[in-house]
Amino acid sequence: WDILTVSAALSSNPDCIVLGARDFAGEIPLRSRFGNAATRIALRLASGLSLQDTQTGLRGYPASLLGWLLTIDGDRFDYELSVLLEAKRREIEAVEVPITTIYIDDNESSHFRPVIDSVRVYLPLLRFSMSSLVAAAVDFALVLALMALTGNLAISVVGARVCSAAVNFTMNRRLVFDPAGRTPLPAAIAGYGAVAVGILIANYAILYVLYEQLGVYLGVAKLATEVSLFLASYTLQKHFVFSRGSAEETRRAAAPESLVQ
């Protein structure tokens, strides 16, 4: 019945990925309940994608996406998560339909390896967050160093931001959002520049209030500023700077001609 439910939903949503979603009610093995909850929260923070069941094994894919699915790296459980992340980035909608939650003998037959597969599952999420964290670390260190050398807050913030922005842009383009280079470099630079200027203004304004007006220790003020702007910066880069490649473009580029026909 669950297979038929997913099949019917796929027929009604031919351009979407259909996920059979378990409700995790009743007696659920602890590792299954905790694993799904942790992945659900991490996925939401990393991509903004809100799903009830991120690790479901019952999924329906339209034939037009098969070629695209072959281009995604990974296997086992980490591949399934990579599909969700890439689908979100390519604006391919994921539709959830309720299915029965069944665990036999406390899920002893599961092929999930708690340590190895957990690492593999979370690597795609870490890749999506790594760039911003590295840039934030570079910016954090440089603003303290420049402040010690110059004693000028504006010079310190701007100098640190220019260096960290170069690191962030390079990593985002090469490793995170656009490894295939679909977004033209001039457009990416222009979009990133606009976002960087906006974030810089917000960064300085928040830091000025905390440090100059409220007397908060510079290190604490800088950390609070970066945390508050992290998600804003990530979202703007994902949807504004590296947004080339819609779902339709992905299907045309990746799907074998025979499947399209």
# chains A, B, ... in the order shown; residues from 1 in each chain; ligands from 1
call {"tool": "residues_around", "arguments": {"residues": "Val209 (chain A)", "least_positions_apart": "4", "cutoff": "12 Å", "atoms": "only C-alpha atoms", "output": "PyMOL selection string"}}
result
chain A and resi 153+202-205+213-218+221-222+224-225
call {"tool": "residues_around", "arguments": {"residues": "Ile17 (chain A)", "least_positions_apart": "5", "cutoff": "7 Å", "atoms": "only C-alpha atoms", "output": "PyMOL selection string"}}
result
chain A and resi 60-61+93-95
call {"tool": "write_last_selection", "arguments": {"atoms": "all heavy atoms", "output": "mmCIF file, in the first residue's frame"}}
result
data_model
loop_
_atom_site.group_PDB
_atom_site.id
_atom_site.type_symbol
_atom_site.label_atom_id
_atom_site.label_comp_id
_atom_site.auth_asym_id
_atom_site.auth_seq_id
_atom_site.Cartn_x
_atom_site.Cartn_y
_atom_site.Cartn_z
ATOM 1 N N GLY A 60 10.205 8.030 -4.638
ATOM 2 C CA GLY A 60 9.798 7.947 -6.031
ATOM 3 C C GLY A 60 10.460 9.047 -6.846
ATOM 4 O O GLY A 60 10.420 10.221 -6.458
ATOM 5 N N TYR A 61 11.104 8.661 -7.955
ATOM 6 C CA TYR A 61 11.778 9.625 -8.820
ATOM 7 C C TYR A 61 11.165 9.582 -10.229
ATOM 8 O O TYR A 61 11.001 8.492 -10.784
ATOM 9 C CB TYR A 61 13.267 9.308 -8.941
ATOM 10 C CG TYR A 61 14.028 9.356 -7.640
ATOM 11 C CD1 TYR A 61 14.421 8.177 -6.999
ATOM 12 C CD2 TYR A 61 14.368 10.567 -7.058
ATOM 13 C CE1 TYR A 61 15.129 8.215 -5.807
ATOM 14 C CE2 TYR A 61 15.076 10.617 -5.866
ATOM 15 C CZ TYR A 61 15.452 9.432 -5.240
ATOM 16 O OH TYR A 61 16.148 9.472 -4.061
ATOM 17 N N GLU A 93 11.387 20.181 -6.240
ATOM 18 C CA GLU A 93 10.594 20.058 -5.019
ATOM 19 C C GLU A 93 10.546 18.613 -4.519
ATOM 20 O O GLU A 93 10.476 17.666 -5.304
ATOM 21 C CB GLU A 93 9.166 20.550 -5.278
ATOM 22 C CG GLU A 93 8.300 20.584 -4.031
ATOM 23 C CD GLU A 93 6.901 21.097 -4.300
ATOM 24 O OE1 GLU A 93 6.630 21.472 -5.462
ATOM 25 O OE2 GLU A 93 6.080 21.123 -3.362
ATOM 26 N N ALA A 94 10.597 18.461 -3.214
ATOM 27 C CA ALA A 94 10.425 17.157 -2.577
ATOM 28 C C ALA A 94 9.065 17.132 -1.883
ATOM 29 O O ALA A 94 8.773 17.979 -1.039
ATOM 30 C CB ALA A 94 11.531 16.904 -1.563
ATOM 31 N N VAL A 95 8.235 16.170 -2.269
ATOM 32 C CA VAL A 95 6.884 16.049 -1.721
ATOM 33 C C VAL A 95 6.841 14.834 -0.798
ATOM 34 O O VAL A 95 7.277 13.752 -1.172
ATOM 35 C CB VAL A 95 5.850 15.891 -2.855
ATOM 36 C CG1 VAL A 95 4.451 15.664 -2.278
ATOM 37 C CG2 VAL A 95 5.859 17.123 -3.749
#
call {"tool": "closest_residue", "arguments": {"among": "A:Gly198, A:Ser228, A:Leu65, A:Val157", "to": "Val143 (chain A)", "atoms": "only C-alpha atoms"}}
result
A:Val157
call {"tool": "residues_around", "arguments": {"residues": "region 177-179 of chain A", "least_positions_apart": "3", "cutoff": "8 Å", "atoms": "only C-alpha atoms", "output": "PyMOL selection string"}}
result
chain A and resi 89+128+172-174+182-183+238+242
call {"tool": "closest_residue", "arguments": {"among": "A:Asp139, A:Leu210, A:His239, A:Val227", "to": "Lys88 (chain A)", "atoms": "only C-alpha atoms"}}
result
A:His239
call {"tool": "closest_residue", "arguments": {"among": "A:Ala190, A:Leu70, A:Val6, A:Leu58", "to": "Val97 (chain A)", "atoms": "only C-alpha atoms"}}
result
A:Val6
call {"tool": "closest_residue", "arguments": {"among": "A:Met171, A:Val18, A:Leu207, A:Val195", "to": "Val134 (chain A)", "atoms": "only C-alpha atoms"}}
result
A:Met171
call {"tool": "residues_around", "arguments": {"residues": "region 158-170 of chain A", "least_positions_apart": "4", "cutoff": "10 Å", "atoms": "only C-alpha atoms", "output": "number ranges by chain"}}
result
A: 130-147, 153-154, 174-177, 188-189, 192-193, 196-197, 199-201, 203-204, 237, 241
call {"tool": "select_by_dssp", "arguments": {"residues": "region 206-244 of chain A", "states": "helix (DSSP H, G or I)", "output": "ChimeraX atom specification"}}
result
/A:206-213,218-241
call {"tool": "write_last_selection", "arguments": {"atoms": "N, CA, C and O atoms", "output": "CSV table (one decimal), in the first residue's frame"}}
result
chain,number,residue,atom,x,y,z
A,206,ILE,N,26.5,46.2,13.4
A,206,ILE,CA,26.2,45.4,14.7
A,206,ILE,C,27.5,45.4,15.6
A,206,ILE,O,27.4,45.6,16.8
A,207,LEU,N,28.7,45.3,15.0
A,207,LEU,CA,29.9,45.3,15.7
A,207,LEU,C,30.1,46.7,16.4
A,207,LEU,O,30.6,46.8,17.6
A,208,TYR,N,29.7,47.7,15.7
A,208,TYR,CA,29.9,49.1,16.3
A,208,TYR,C,29.0,49.3,17.5
A,208,TYR,O,29.4,49.8,18.5
A,209,VAL,N,27.8,48.8,17.4
A,209,VAL,CA,26.8,48.9,18.5
A,209,VAL,C,27.3,48.1,19.7
A,209,VAL,O,27.3,48.6,20.9
A,210,LEU,N,27.7,46.9,19.4
A,210,LEU,CA,28.1,46.0,20.5
A,210,LEU,C,29.4,46.5,21.2
A,210,LEU,O,29.6,46.5,22.4
A,211,TYR,N,30.4,46.9,20.3
A,211,TYR,CA,31.8,47.2,20.9
A,211,TYR,C,31.9,48.6,21.3
A,211,TYR,O,32.3,48.9,22.4
A,212,GLU,N,31.5,49.5,20.4
A,212,GLU,CA,31.7,51.0,20.7
A,212,GLU,C,30.6,51.5,21.6
A,212,GLU,O,31.0,52.4,22.5
A,213,GLN,N,29.4,51.1,21.4
A,213,GLN,CA,28.3,51.7,22.2
A,213,GLN,C,28.0,50.9,23.5
A,213,GLN,O,27.8,51.6,24.6
A,218,LEU,N,35.7,42.8,22.4
A,218,LEU,CA,35.7,42.7,20.9
A,218,LEU,C,35.6,41.3,20.4
A,218,LEU,O,34.8,41.0,19.4
A,219,GLY,N,36.2,40.3,21.1
A,219,GLY,CA,36.1,39.0,20.6
A,219,GLY,C,34.7,38.4,20.7
A,219,GLY,O,34.2,37.8,19.8
A,220,VAL,N,34.0,38.7,21.8
A,220,VAL,CA,32.7,38.3,22.0
A,220,VAL,C,31.7,39.0,21.1
A,220,VAL,O,30.8,38.4,20.5
A,221,ALA,N,32.0,40.3,20.9
A,221,ALA,CA,31.1,41.1,19.9
A,221,ALA,C,31.2,40.5,18.5
A,221,ALA,O,30.3,40.4,17.8
A,222,LYS,N,32.5,40.2,18.1
A,222,LYS,CA,32.7,39.7,16.8
A,222,LYS,C,32.0,38.3,16.6
A,222,LYS,O,31.4,38.1,15.6
A,223,LEU,N,32.1,37.5,17.6
A,223,LEU,CA,31.5,36.2,17.5
A,223,LEU,C,30.0,36.3,17.4
A,223,LEU,O,29.4,35.6,16.6
A,224,ALA,N,29.4,37.1,18.2
A,224,ALA,CA,27.9,37.3,18.2
A,224,ALA,C,27.5,37.9,16.8
A,224,ALA,O,26.5,37.5,16.3
A,225,THR,N,28.3,38.8,16.3
A,225,THR,CA,28.0,39.3,14.9
A,225,THR,C,28.0,38.3,13.8
A,225,THR,O,27.1,38.2,13.0
A,226,GLU,N,29.1,37.4,13.9
A,226,GLU,CA,29.2,36.4,12.8
A,226,GLU,C,28.1,35.4,12.9
A,226,GLU,O,27.6,34.9,11.9
A,227,VAL,N,27.7,35.0,14.1
A,227,VAL,CA,26.6,34.0,14.3
A,227,VAL,C,25.3,34.6,13.7
A,227,VAL,O,24.5,33.9,13.0
A,228,SER,N,25.1,35.9,14.0
A,228,SER,CA,23.8,36.5,13.6
A,228,SER,C,23.7,36.6,12.1
A,228,SER,O,22.6,36.6,11.5
A,229,LEU,N,24.9,36.8,11.4
A,229,LEU,CA,24.9,37.0,10.0
A,229,LEU,C,25.2,35.7,9.2
A,229,LEU,O,25.1,35.7,7.9
A,230,PHE,N,25.5,34.6,9.8
A,230,PHE,CA,25.9,33.4,9.1
A,230,PHE,C,24.8,32.9,8.2
A,230,PHE,O,25.0,32.7,7.0
A,231,LEU,N,23.6,32.7,8.8
A,231,LEU,CA,22.5,32.1,8.0
A,231,LEU,C,22.0,33.1,6.9
A,231,LEU,O,21.7,32.7,5.7
A,232,ALA,N,22.1,34.4,7.2
A,232,ALA,CA,21.7,35.4,6.1
A,232,ALA,C,22.7,35.3,5.0
A,232,ALA,O,22.3,35.3,3.8
A,233,SER,N,24.0,35.3,5.3
A,233,SER,CA,25.0,35.2,4.2
A,233,SER,C,24.8,33.9,3.4
A,233,SER,O,24.9,34.0,2.2
A,234,TYR,N,24.6,32.8,4.1
A,234,TYR,CA,24.5,31.5,3.4
A,234,TYR,C,23.3,31.5,2.4
A,234,TYR,O,23.4,31.1,1.3
A,235,THR,N,22.2,32.0,2.9
A,235,THR,CA,20.9,32.0,2.2
A,235,THR,C,21.0,32.9,0.9
A,235,THR,O,20.6,32.5,-0.2
A,236,LEU,N,21.6,34.1,1.1
A,236,LEU,CA,21.7,35.0,0.0
A,236,LEU,C,22.7,34.4,-1.1
A,236,LEU,O,22.4,34.6,-2.3
A,237,GLN,N,23.8,33.8,-0.7
A,237,GLN,CA,24.7,33.3,-1.6
A,237,GLN,C,24.1,32.1,-2.4
A,237,GLN,O,24.3,32.0,-3.6
A,238,LYS,N,23.3,31.3,-1.7
A,238,LYS,CA,22.7,30.1,-2.3
A,238,LYS,C,21.6,30.5,-3.4
A,238,LYS,O,21.6,30.0,-4.5
A,239,HIS,N,20.8,31.5,-3.0
A,239,HIS,CA,19.6,31.8,-3.8
A,239,HIS,C,19.9,33.0,-4.7
A,239,HIS,O,19.1,33.2,-5.7
A,240,PHE,N,20.9,33.8,-4.5
A,240,PHE,CA,21.1,35.0,-5.3
A,240,PHE,C,22.4,34.9,-6.1
A,240,PHE,O,22.4,35.2,-7.3
A,241,VAL,N,23.5,34.5,-5.5
A,241,VAL,CA,24.8,34.5,-6.2
A,241,VAL,C,24.9,33.3,-7.1
A,241,VAL,O,25.3,33.4,-8.3
